[in-house]
2 protein chains.
Amino acid sequence: MIAANNPNLKSWLAVPEGSDFPIQNIPFGVAATEGDSPRVVSRIGDHVIDLKAMFDFGYFADLHFALEDFDTDSLNNMMRRGKQGTRDLRNRISELFSEEHELKDNQNHLAQILISVDKAEMLMPVKVGDYTDFYSSEQHAYNVGCMFRDPNNALLPNWKYIPVGYHGRASSIVVSGTPFHRPKGQQRPVDAEPPVFGPSKQLDFELEMAFVTYEGKPLGDSISTKEADDFIFGMCLFNDWSARDLQKWEYVPLGPFLAKNFASHVSPWIVTLDALEPFRVSGPVQDPKVFTYLEYEGNKHIDINLEVAIQPENTDEKVVSNSNYKYMYWNMNQQLAHHTINGCNIKAGDLMASGTISGGEDTEYGSMLEIAWKGTKPVQMPDGSERKFILDNDTVIMRGYSEKNGLRIGFGEVKAKVLPAK
Amino acid sequence: MIAANNPNLKSWLAVPEGSDFPIQNIPFGVAATEGDSPRVVSRIGDHVIDLKAMFDFGYFADLHFALEDFDTDSLNNMMRRGKQGTRDLRNRISELFSEEHELKDNQNHLAQILISVDKAEMLMPVKVGDYTDFYSSEQHAYNVGCMFRDPNNALLPNWKYIPVGYHGRASSIVVSGTPFHRPKGQQRPVDAEPPVFGPSKQLDFELEMAFVTYEGKPLGDSISTKEADDFIFGMCLFNDWSARDLQKWEYVPLGPFLAKNFASHVSPWIVTLDALEPFRVSGPVQDPKVFTYLEYEGNKHIDINLEVAIQPENTDEKVVSNSNYKYMYWNMNQQLAHHTINGCNIKAGDLMASGTISGGEDTEYGSMLEIAWKGTKPVQMPDGSERKFILDNDTVIMRGYSEKNGLRIGFGEVKAKVLPAK
């Protein structure tokens with residue numbers, strides 16, 4: 001077992017009941033505090049842990065890190081140390097914050113190291129090199145196929161052979177809390193008529209998880225499903241905002257473009273794949289049989305409870321979906337093997353998202369398109385208003401956590417408010 | 001007129017007849033020489049000019065540059081100085097290498113500054129943040145539509161409203177001269193049967209030009225067609241390798257993925273938009289009328305002669321296409337305005353490619369798919385062999401230059417050899 005995963009560990013730092021961040025989590029992020037430059041941090045309970053300060057005090061002296069891995073505005077440098085490097089670091093942090101370690105009595109050091117979570121501004125954790133979005137939930141693909149084609153031909157012929165994916169825009173991926181403006185663009189509301197231009201009328205969220213990669217292999221080499229775990233650093237929540245009306249008009253034949261690239265949001269904490277190991281589960285039987293390069297052994301899916309809430313301005317939020325990451329048809333190992341089977345190279349800091357994660361029940365759908373079924377089943381909000389899609393000044397919040405045998409490892413949340421079009 | 005564009009300037013450095021690099025060009029690139037680290041360079045005739053050495057000698061002391069702009073392995077730092085900064089730099093280089101400047105007699109300095117072109121290894125000029133590929137040649141879109149649909153419905157309904165584009169893979173963009181392996185992947189040769197797996201049998205080139213951007217505006221803001229020139233640093237040749245059989249099976253509904261992301265090649269010299277100003281021409285009449293945000297004033301197309309040659313191993317090359325960048329339906333200003341109309345942000349070092357550039361004659365088509373018309377018109381090679389697509393060990397070479405009133409500004413070439421699948 002990875003030392004930091006020991007379920008019996010307790011931290012000398014208080015961890016509130018139901019926290020996403022017990023000592024078994026040790027996620028990584030980037031934070032700024034008033035007057036200080038951005039630095040790499042971790043978190044236990046409601047304390048943010050300044051890893052630059054810890055490096056300065058020599059706590060990582062025997063590990064293979066340099067100041068530039070922590071005194072920086074992204075996790076990219078740190079990730080270049082690879083799986084073993086970051087695993088050693090997580091184990092070390094776990095050790096230092098476990099019961100009986102003398103750090104707990106070093107008030108001088110703790111004054112530098114610990115930051116209250118409400119004093120830290122969480123920044124974009126990763127400089128995303130390339131961003132790929134998959135389309136790996138069968139229920140989501142089926143739902144979309146039912147709405148836009150018919151239930152008998154809902155899944156396209158390639159869907160069960162290929163973990164379908166496409167390239168997205170990295171520059172417009174921003175961290176939770178960053179408000180953004182409703183996108184403008186071309187739409188064609190009536191098929192027989194010319195398109196019109198204006199703010200999107202069908203702004204939607206997509207409930208997704210994303211994983212962040214370590215540096216991969218050189219161009220021309222592939223990563224097998226067996227090797228894939230060693231190239232995945234960790235995961236976060238991901239809201240792949242989509243303007244359905246822009247997408248419908250633009251996406252044939254080369255895929256979504258302006259319908260997606262105006263903004264995507266990530267949660268600020270990258271939870272390591274190591275920390276999620278206890279929550280591995282088996283995936284669905286894949287029929288037809290997949291090509292050899294997509295076969296895998298062991299449990300490669302992960303049980304992560306997910307929810308989406310909409311909060312209209314000045315009122316309570318309403319949870320509109322409860323889904324689970326385990327519903328994926330294709331797992332991360334298959335996605336990465338597919339992505340590289342042609343020799344495509346991946347880099348430290350690439351981000352790969354799952355695609356909308358929908359479960360089999362209509363309470364488990366991962367987008368408003370599905371929840372309100374193309375606008376035919378509007379959702380009631382606490383203030384009496386209705387939602388078919390997302391309105392101006394709505395805030396959308398996604399949360400996720402794994403739980404088993406009393407251990408809860410969570411992601412916190414990704415939230416963002418939609419401002420009116422500029 | 002931009003000072004460096006003066007057609008009467010002559011350099012005290014010899015410029016061979018027909019060179020792509022007269023003193024009116026002054027392109028930018030990144031080079032390494034034996035034993036020296038990569039640095040930013042320019043070129044006149046067959047001399048590479050070491051701009052780091054020039055900075056060290058103080059030749060740019062009054063300009064707004066720092067050592068890190070030149071002592072680095074990409075143009076990204078330099079590009080952050082913006083349009084005026086890089087224009088001043090190009091003008092300064094022009095001045096220093098024009099007749100009568102005393103630099104020509106400073107043998108100590110010249111020994112550091114000048115590198116023979118055959119001693120410099122040209123590297124990838126830009127760290128590409130995001131890469132977008134457009135689809136902006138009407139003839140190409142029409143040809144593809146004729147082959148896969150029918151001539152009466154060759155252009156899709158959105159094509160004349162939208163400069164159609166999609167996101168591509170940045171990590172696998174490499175510099176001219178980098179060999180690569182034929183990609184493997186899923187294909188479905190017979191529609192009614194299951195797919196098969198293996199090396200692509202339909203590897204193709206796409207003749208494209210690409211432009212590199214300066215740092216843009218914040219997320220949420222748009223760049224108008226009028227402003228676009230100020231956000232474009234320069235251009236290069238671009239070979240958007242495509243595996244047609246992989247693409248056919250994978251691309252519905254989310255666009256090309258593994259069919260493109262195994263490798264794309266750029267020419268090493270970025271020719272500034274400033275240097276191309278003398279070659280501006282008008283574009284086609286656009287009917288239907290475009291939306292207001294896509295309207296533009298002045299000549300925004302550019303006359304750039306393009307050619308593609310195939311060189312089978314151990315034999316002469318054969319030119320298989322002569323096209324021209326002026327054939328674009330949508331120009332760069334429109335592409336950039338469209339890309340940002342929804343608030344998408346661009347960064348210094350983003351690369352945006354034109355899409356395959358095909359002219360109206362069948363000698364002007366920009367891909368083997370079109371030249372050999374889906375394999376029905378194989379092309380004869382000098383060694384007697386035939387090509388429907390690109391074979392193992394073939395080298396594909398693209399060249400481009402503008403010429404007017406005796407002034408020739410060129411791009412050199414982008415070439416790459418296809419190795420057998422791994």
# chains A, B, ... in the order shown; residues from 1 in each chain; ligands from 1
>>> closest_atom_pairs(of="chain B", to="chain A", cutoff="8 Å", atoms="only C-alpha atoms", output="JSON lines")
{"residue": "B:Gly129", "atom": "CA", "partner": "A:Gly129", "partner_atom": "CA", "distance": 6.4}
{"residue": "B:Asp130", "atom": "CA", "partner": "A:Ala170", "partner_atom": "CA", "distance": 6.4}
{"residue": "B:Leu156", "atom": "CA", "partner": "A:Val252", "partner_atom": "CA", "distance": 8.0}
{"residue": "B:Asn158", "atom": "CA", "partner": "A:Glu250", "partner_atom": "CA", "distance": 6.7}
{"residue": "B:Ile162", "atom": "CA", "partner": "A:Glu250", "partner_atom": "CA", "distance": 7.5}
{"residue": "B:Val164", "atom": "CA", "partner": "A:Glu250", "partner_atom": "CA", "distance": 7.2}
{"residue": "B:Gly165", "atom": "CA", "partner": "A:Phe257", "partner_atom": "CA", "distance": 6.8}
{"residue": "B:Tyr166", "atom": "CA", "partner": "A:Phe257", "partner_atom": "CA", "distance": 5.5}
{"residue": "B:His167", "atom": "CA", "partner": "A:His167", "partner_atom": "CA", "distance": 5.3}
{"residue": "B:Gly168", "atom": "CA", "partner": "A:His167", "partner_atom": "CA", "distance": 5.6}
{"residue": "B:Arg169", "atom": "CA", "partner": "A:His167", "partner_atom": "CA", "distance": 6.6}
{"residue": "B:Ala170", "atom": "CA", "partner": "A:Asp130", "partner_atom": "CA", "distance": 6.4}
{"residue": "B:Ser171", "atom": "CA", "partner": "A:Asn345", "partner_atom": "CA", "distance": 6.5}
{"residue": "B:Ser172", "atom": "CA", "partner": "A:Asn345", "partner_atom": "CA", "distance": 6.3}
{"residue": "B:Phe180", "atom": "CA", "partner": "A:Gly220", "partner_atom": "CA", "distance": 6.8}
{"residue": "B:His181", "atom": "CA", "partner": "A:Gly220", "partner_atom": "CA", "distance": 6.2}
{"residue": "B:Pro183", "atom": "CA", "partner": "A:Asn342", "partner_atom": "CA", "distance": 4.6}
{"residue": "B:Lys184", "atom": "CA", "partner": "A:Asn342", "partner_atom": "CA", "distance": 4.9}
{"residue": "B:Gly185", "atom": "CA", "partner": "A:Asn342", "partner_atom": "CA", "distance": 6.1}
{"residue": "B:Phe197", "atom": "CA", "partner": "A:Phe291", "partner_atom": "CA", "distance": 7.6}
{"residue": "B:Leu219", "atom": "CA", "partner": "A:Ser172", "partner_atom": "CA", "distance": 6.8}
{"residue": "B:Gly220", "atom": "CA", "partner": "A:His181", "partner_atom": "CA", "distance": 6.2}
{"residue": "B:Trp249", "atom": "CA", "partner": "A:Asn158", "partner_atom": "CA", "distance": 6.8}
{"residue": "B:Glu250", "atom": "CA", "partner": "A:Asn158", "partner_atom": "CA", "distance": 6.7}
{"residue": "B:Tyr251", "atom": "CA", "partner": "A:Leu254", "partner_atom": "CA", "distance": 7.4}
{"residue": "B:Val252", "atom": "CA", "partner": "A:Pro253", "partner_atom": "CA", "distance": 7.4}
{"residue": "B:Pro253", "atom": "CA", "partner": "A:Gly255", "partner_atom": "CA", "distance": 6.5}
{"residue": "B:Leu254", "atom": "CA", "partner": "A:Gly255", "partner_atom": "CA", "distance": 4.1}
{"residue": "B:Gly255", "atom": "CA", "partner": "A:Leu254", "partner_atom": "CA", "distance": 4.1}
{"residue": "B:Pro256", "atom": "CA", "partner": "A:Leu254", "partner_atom": "CA", "distance": 6.5}
{"residue": "B:Phe257", "atom": "CA", "partner": "A:Tyr166", "partner_atom": "CA", "distance": 5.5}
{"residue": "B:Leu258", "atom": "CA", "partner": "A:Asn342", "partner_atom": "CA", "distance": 6.5}
{"residue": "B:Asn261", "atom": "CA", "partner": "A:Cys344", "partner_atom": "CA", "distance": 5.9}
{"residue": "B:Phe262", "atom": "CA", "partner": "A:Cys344", "partner_atom": "CA", "distance": 4.6}
{"residue": "B:Ala263", "atom": "CA", "partner": "A:Cys344", "partner_atom": "CA", "distance": 7.4}
{"residue": "B:Phe291", "atom": "CA", "partner": "A:Phe197", "partner_atom": "CA", "distance": 7.6}
{"residue": "B:His339", "atom": "CA", "partner": "A:Leu258", "partner_atom": "CA", "distance": 6.9}
{"residue": "B:Ile341", "atom": "CA", "partner": "A:Lys184", "partner_atom": "CA", "distance": 6.6}
{"residue": "B:Asn342", "atom": "CA", "partner": "A:Pro183", "partner_atom": "CA", "distance": 4.6}
{"residue": "B:Gly343", "atom": "CA", "partner": "A:Phe262", "partner_atom": "CA", "distance": 5.5}
{"residue": "B:Cys344", "atom": "CA", "partner": "A:Phe262", "partner_atom": "CA", "distance": 4.6}
{"residue": "B:Asn345", "atom": "CA", "partner": "A:Ser172", "partner_atom": "CA", "distance": 6.3}
{"residue": "B:Ile346", "atom": "CA", "partner": "A:Ser171", "partner_atom": "CA", "distance": 6.9}
{"residue": "B:Lys347", "atom": "CA", "partner": "A:Ser171", "partner_atom": "CA", "distance": 7.4}
{"residue": "B:Lys422", "atom": "CA", "partner": "A:Gly220", "partner_atom": "CA", "distance": 7.7}
>>> select_by_dssp(residues="stretch 332-405 of chain A", states="alpha helix (DSSP H)", output="short mmCIF file (atom, residue, chain, number, x, y, z; two decimals) with all heavy atoms, in the first residue's frame")
data_model
loop_
_atom_site.label_atom_id
_atom_site.label_comp_id
_atom_site.auth_asym_id
_atom_site.auth_seq_id
_atom_site.Cartn_x
_atom_site.Cartn_y
_atom_site.Cartn_z
N MET A 332 -9.73 5.72 -18.14
CA MET A 332 -8.59 6.58 -18.48
C MET A 332 -7.47 5.81 -19.16
O MET A 332 -6.80 6.34 -20.05
CB MET A 332 -8.04 7.25 -17.21
CG MET A 332 -8.97 8.27 -16.59
SD MET A 332 -8.25 9.06 -15.13
CE MET A 332 -8.54 7.81 -13.87
N ASN A 333 -7.24 4.59 -18.72
CA ASN A 333 -6.17 3.79 -19.32
C ASN A 333 -6.44 3.55 -20.80
O ASN A 333 -5.54 3.62 -21.64
CB ASN A 333 -6.05 2.45 -18.58
CG ASN A 333 -5.71 2.64 -17.12
OD1 ASN A 333 -6.45 3.32 -16.41
ND2 ASN A 333 -4.60 2.10 -16.67
N GLN A 334 -7.69 3.28 -21.11
CA GLN A 334 -8.05 3.08 -22.52
C GLN A 334 -7.96 4.39 -23.30
O GLN A 334 -7.52 4.41 -24.45
CB GLN A 334 -9.47 2.51 -22.60
CG GLN A 334 -9.59 1.10 -22.01
CD GLN A 334 -11.00 0.55 -22.10
OE1 GLN A 334 -11.95 1.18 -21.63
NE2 GLN A 334 -11.15 -0.62 -22.70
N GLN A 335 -8.39 5.47 -22.66
CA GLN A 335 -8.32 6.77 -23.34
C GLN A 335 -6.88 7.13 -23.69
O GLN A 335 -6.58 7.57 -24.81
CB GLN A 335 -8.93 7.86 -22.44
CG GLN A 335 -10.45 7.72 -22.29
CD GLN A 335 -11.02 8.61 -21.19
OE1 GLN A 335 -10.30 9.05 -20.29
NE2 GLN A 335 -12.32 8.87 -21.25
N LEU A 336 -5.97 6.92 -22.74
CA LEU A 336 -4.57 7.28 -22.96
C LEU A 336 -3.92 6.34 -23.99
O LEU A 336 -3.12 6.78 -24.83
CB LEU A 336 -3.82 7.24 -21.62
CG LEU A 336 -2.58 8.09 -21.47
CD1 LEU A 336 -2.75 9.50 -22.00
CD2 LEU A 336 -2.19 8.15 -19.99
N ALA A 337 -4.26 5.07 -23.92
CA ALA A 337 -3.73 4.12 -24.91
C ALA A 337 -4.21 4.48 -26.31
O ALA A 337 -3.44 4.43 -27.29
CB ALA A 337 -4.15 2.70 -24.56
N HIS A 338 -5.48 4.85 -26.40
CA HIS A 338 -6.00 5.24 -27.70
C HIS A 338 -5.34 6.53 -28.21
O HIS A 338 -4.93 6.62 -29.37
CB HIS A 338 -7.51 5.44 -27.62
CG HIS A 338 -8.13 5.79 -28.93
ND1 HIS A 338 -8.17 4.92 -30.00
CD2 HIS A 338 -8.72 6.94 -29.37
CE1 HIS A 338 -8.74 5.51 -31.04
NE2 HIS A 338 -9.09 6.74 -30.68
N HIS A 339 -5.20 7.49 -27.33
CA HIS A 339 -4.65 8.80 -27.70
C HIS A 339 -3.25 8.67 -28.29
O HIS A 339 -2.84 9.48 -29.14
CB HIS A 339 -4.62 9.70 -26.47
CG HIS A 339 -4.67 11.17 -26.74
ND1 HIS A 339 -3.94 11.78 -27.74
CD2 HIS A 339 -5.37 12.16 -26.14
CE1 HIS A 339 -4.20 13.08 -27.72
NE2 HIS A 339 -5.06 13.33 -26.78
N THR A 340 -2.50 7.67 -27.82
CA THR A 340 -1.09 7.55 -28.20
C THR A 340 -0.82 6.39 -29.17
O THR A 340 0.33 6.18 -29.54
CB THR A 340 -0.21 7.37 -26.95
OG1 THR A 340 -0.62 6.17 -26.26
CG2 THR A 340 -0.34 8.55 -26.00
N MET A 368 -27.77 19.96 -18.94
CA MET A 368 -29.15 20.45 -19.01
C MET A 368 -29.85 19.95 -20.26
O MET A 368 -31.06 19.74 -20.26
CB MET A 368 -29.18 21.99 -18.98
CG MET A 368 -28.95 22.60 -17.61
SD MET A 368 -30.09 22.00 -16.32
CE MET A 368 -31.60 22.87 -16.77
N LEU A 369 -29.09 19.79 -21.34
CA LEU A 369 -29.68 19.24 -22.57
C LEU A 369 -30.42 17.94 -22.26
O LEU A 369 -31.55 17.73 -22.73
CB LEU A 369 -28.56 18.98 -23.58
CG LEU A 369 -28.98 18.35 -24.92
CD1 LEU A 369 -29.82 19.33 -25.73
CD2 LEU A 369 -27.75 17.92 -25.72
N GLU A 370 -29.80 17.10 -21.45
CA GLU A 370 -30.41 15.81 -21.10
C GLU A 370 -31.42 15.95 -19.96
O GLU A 370 -32.49 15.35 -20.00
CB GLU A 370 -29.32 14.82 -20.69
CG GLU A 370 -28.35 14.46 -21.80
CD GLU A 370 -27.06 13.85 -21.27
OE1 GLU A 370 -26.11 14.62 -21.00
OE2 GLU A 370 -27.02 12.62 -21.11
N ILE A 371 -31.06 16.72 -18.93
CA ILE A 371 -31.93 16.85 -17.75
C ILE A 371 -33.28 17.43 -18.16
O ILE A 371 -34.33 16.94 -17.77
CB ILE A 371 -31.25 17.74 -16.67
CG1 ILE A 371 -29.99 17.05 -16.14
CG2 ILE A 371 -32.23 18.05 -15.53
CD1 ILE A 371 -29.09 17.96 -15.32
#
>>> closest_residue(among="B:Pro382, B:Pro16, B:Pro420, B:Pro22", to="B:Glu317", atoms="only C-alpha atoms")
B:Pro382
>>> atom_distance(atom1="atom CA of A:Tyr214", atom2="atom CA of A:Asp230")
8.0 Å
>>> residues_around(residues="B:Glu277", least_positions_apart="4", cutoff="12 Å", atoms="only C-alpha atoms", output="list in words")
Met1, Ile2, Ala4, Asn5, Asn6, Gln24, Asn25, Asp229, Gly234, Met235, Val271, Thr272, Leu273, Val281, Gly298, Asn299, Lys300, His301, Ile302, Asp303, Ile304, Ser402, Glu403, Lys404 and Ile409 of chain B
>>> select_by_dssp(residues="stretch 127-174 of chain B", states="strand (DSSP E or B)", output="NGL selection string")
:B and (131-134 or 165-168 or 173-174)
>>> write_last_selection(atoms="N, CA, C and O atoms", output="PDB file, in the first residue's frame")
ATOM      1  N   TYR B 131      -3.191  25.213 -30.982  1.00  0.00           N
ATOM      2  CA  TYR B 131      -3.118  25.114 -32.439  1.00  0.00           C
ATOM      3  C   TYR B 131      -4.530  24.945 -32.993  1.00  0.00           C
ATOM      4  O   TYR B 131      -5.281  24.074 -32.572  1.00  0.00           O
ATOM      5  N   THR B 132      -4.880  25.802 -33.922  1.00  0.00           N
ATOM      6  CA  THR B 132      -6.176  25.742 -34.594  1.00  0.00           C
ATOM      7  C   THR B 132      -5.953  25.521 -36.078  1.00  0.00           C
ATOM      8  O   THR B 132      -5.062  26.127 -36.670  1.00  0.00           O
ATOM      9  N   ASP B 133      -6.750  24.669 -36.658  1.00  0.00           N
ATOM     10  CA  ASP B 133      -6.682  24.468 -38.104  1.00  0.00           C
ATOM     11  C   ASP B 133      -8.002  24.922 -38.721  1.00  0.00           C
ATOM     12  O   ASP B 133      -9.071  24.495 -38.275  1.00  0.00           O
ATOM     13  N   PHE B 134      -7.907  25.798 -39.697  1.00  0.00           N
ATOM     14  CA  PHE B 134      -9.115  26.229 -40.404  1.00  0.00           C
ATOM     15  C   PHE B 134      -9.327  25.348 -41.646  1.00  0.00           C
ATOM     16  O   PHE B 134      -8.598  24.373 -41.870  1.00  0.00           O
ATOM     17  N   GLY B 165     -13.356  25.971 -38.453  1.00  0.00           N
ATOM     18  CA  GLY B 165     -12.071  25.602 -37.872  1.00  0.00           C
ATOM     19  C   GLY B 165     -12.272  24.604 -36.758  1.00  0.00           C
ATOM     20  O   GLY B 165     -13.397  24.372 -36.312  1.00  0.00           O
ATOM     21  N   TYR B 166     -11.188  24.004 -36.320  1.00  0.00           N
ATOM     22  CA  TYR B 166     -11.246  23.052 -35.206  1.00  0.00           C
ATOM     23  C   TYR B 166      -9.895  23.082 -34.499  1.00  0.00           C
ATOM     24  O   TYR B 166      -8.892  23.530 -35.055  1.00  0.00           O
ATOM     25  N   HIS B 167      -9.901  22.588 -33.269  1.00  0.00           N
ATOM     26  CA  HIS B 167      -8.665  22.563 -32.491  1.00  0.00           C
ATOM     27  C   HIS B 167      -7.848  21.332 -32.829  1.00  0.00           C
ATOM     28  O   HIS B 167      -8.392  20.242 -32.975  1.00  0.00           O
ATOM     29  N   GLY B 168      -6.541  21.508 -32.952  1.00  0.00           N
ATOM     30  CA  GLY B 168      -5.640  20.397 -33.232  1.00  0.00           C
ATOM     31  C   GLY B 168      -4.646  20.221 -32.106  1.00  0.00           C
ATOM     32  O   GLY B 168      -4.716  20.899 -31.073  1.00  0.00           O
ATOM     33  N   ILE B 173       3.422  19.079 -33.227  1.00  0.00           N
ATOM     34  CA  ILE B 173       3.906  19.953 -34.301  1.00  0.00           C
ATOM     35  C   ILE B 173       5.423  20.020 -34.198  1.00  0.00           C
ATOM     36  O   ILE B 173       5.961  20.375 -33.148  1.00  0.00           O
ATOM     37  N   VAL B 174       6.098  19.645 -35.259  1.00  0.00           N
ATOM     38  CA  VAL B 174       7.559  19.575 -35.232  1.00  0.00           C
ATOM     39  C   VAL B 174       8.140  20.341 -36.420  1.00  0.00           C
ATOM     40  O   VAL B 174       7.431  20.692 -37.367  1.00  0.00           O
TER      41      VAL B 174
END
>>> residues_around(residues="A:Val212", least_positions_apart="2", cutoff="9 Å", atoms="only C-alpha atoms", output="compact mmCIF listing (two decimals) with N, CA, C and O atoms, in the first residue's frame")
# COMPACT_ATOMS: atom_id res chain seq x y z
N VAL A 126 -2.62 24.12 -13.16
CA VAL A 126 -1.76 23.54 -14.19
C VAL A 126 -1.70 24.48 -15.39
O VAL A 126 -2.70 25.10 -15.74
N VAL A 128 -1.95 24.19 -18.82
CA VAL A 128 -2.39 23.10 -19.70
C VAL A 128 -1.70 23.25 -21.06
O VAL A 128 -1.82 24.29 -21.71
N ALA A 210 -11.59 15.31 -15.15
CA ALA A 210 -10.44 15.40 -16.04
C ALA A 210 -9.22 14.81 -15.35
O ALA A 210 -9.14 14.82 -14.12
N TYR A 214 1.55 13.24 -16.59
CA TYR A 214 2.99 13.44 -16.48
C TYR A 214 3.57 13.54 -17.90
O TYR A 214 2.89 13.27 -18.89
N PHE A 231 1.47 7.40 -16.07
CA PHE A 231 1.51 8.69 -16.77
C PHE A 231 0.38 9.63 -16.35
O PHE A 231 0.19 10.69 -16.93
N ILE A 232 -0.38 9.19 -15.34
CA ILE A 232 -1.48 10.03 -14.85
C ILE A 232 -1.15 10.56 -13.46
O ILE A 232 -0.96 9.79 -12.52
N PHE A 233 -1.09 11.87 -13.34
CA PHE A 233 -0.75 12.51 -12.07
C PHE A 233 -1.96 12.53 -11.15
O PHE A 233 -1.89 12.09 -10.00
N GLY A 234 -3.07 13.06 -11.63
CA GLY A 234 -4.23 13.17 -10.76
C GLY A 234 -5.44 13.67 -11.51
O GLY A 234 -5.41 13.81 -12.74
N MET A 235 -6.49 13.93 -10.75
CA MET A 235 -7.78 14.27 -11.35
C MET A 235 -8.40 15.51 -10.72
O MET A 235 -8.09 15.88 -9.58
N CYS A 236 -9.31 16.11 -11.45
CA CYS A 236 -10.08 17.24 -10.93
C CYS A 236 -11.47 17.23 -11.56
O CYS A 236 -11.73 16.48 -12.49
N ILE A 270 -5.81 19.17 -7.49
CA ILE A 270 -5.59 17.93 -8.25
C ILE A 270 -5.41 16.81 -7.23
O ILE A 270 -4.43 16.79 -6.47
N ALA A 348 3.84 16.77 -19.74
CA ALA A 348 3.45 17.07 -18.36
C ALA A 348 2.52 18.29 -18.38
O ALA A 348 2.87 19.34 -18.90
N GLY A 349 1.33 18.11 -17.85
CA GLY A 349 0.38 19.21 -17.81
C GLY A 349 -0.71 19.13 -18.86
O GLY A 349 -1.55 20.02 -18.94
N ASP A 350 -0.71 18.10 -19.66
CA ASP A 350 -1.86 17.94 -20.56
C ASP A 350 -3.08 17.57 -19.72
O ASP A 350 -2.96 16.92 -18.68
N LEU A 351 -4.22 17.99 -20.20
CA LEU A 351 -5.45 17.72 -19.47
C LEU A 351 -6.41 16.97 -20.39
O LEU A 351 -6.61 17.37 -21.53
N MET A 352 -6.96 15.89 -19.86
CA MET A 352 -7.88 15.07 -20.66
C MET A 352 -9.17 14.88 -19.89
O MET A 352 -9.17 14.35 -18.78
N ALA A 353 -10.25 15.31 -20.49
CA ALA A 353 -11.54 15.27 -19.81
C ALA A 353 -12.36 14.10 -20.32
O ALA A 353 -12.15 13.59 -21.43
>>> residues_around(residues="stretch 27-33 of chain A", least_positions_apart="5", cutoff="10 Å", atoms="only C-alpha atoms", output="number ranges by chain")
A: 21-22, 38-44, 48-51, 70-75, 78, 86, 90, 115-126, 234-236, 267-273, 275, 409-411
>>> atom_distance(atom1="atom CA of B:Ser136", atom2="atom CA of A:Gly355")
28.5 Å
>>> residues_around(residues="B:Asp88", least_positions_apart="3", cutoff="10 Å", atoms="only C-alpha atoms", output="ChimeraX atom specification")
/B:2-4,60,63-64,83-85,91-94
>>> closest_residue(among="A:Phe279, A:Glu95, A:Ala111, A:Lys289", to="A:Gly406", atoms="only C-alpha atoms")
A:Phe279
>>> residues_around(residues="A:Met328", least_positions_apart="4", cutoff="9 Å", atoms="only C-alpha atoms", output="CSV table (one decimal) with C-alpha atoms, in the first residue's frame")
chain,number,residue,atom,x,y,z
A,136,SER,CA,-16.9,8.2,-23.0
A,137,SER,CA,-20.2,7.9,-21.1
A,138,GLU,CA,-22.5,5.6,-23.0
A,139,GLN,CA,-25.6,7.0,-21.4
A,283,GLY,CA,-16.1,-1.2,-15.5
A,284,PRO,CA,-18.8,-2.4,-17.8
A,301,HIS,CA,-12.8,2.6,-13.2
A,324,ASN,CA,-20.9,8.9,-10.8
A,354,SER,CA,-14.0,12.4,-19.7
A,357,ILE,CA,-20.9,11.7,-17.3
A,358,SER,CA,-24.5,10.5,-17.3
A,359,GLY,CA,-26.0,7.6,-15.4
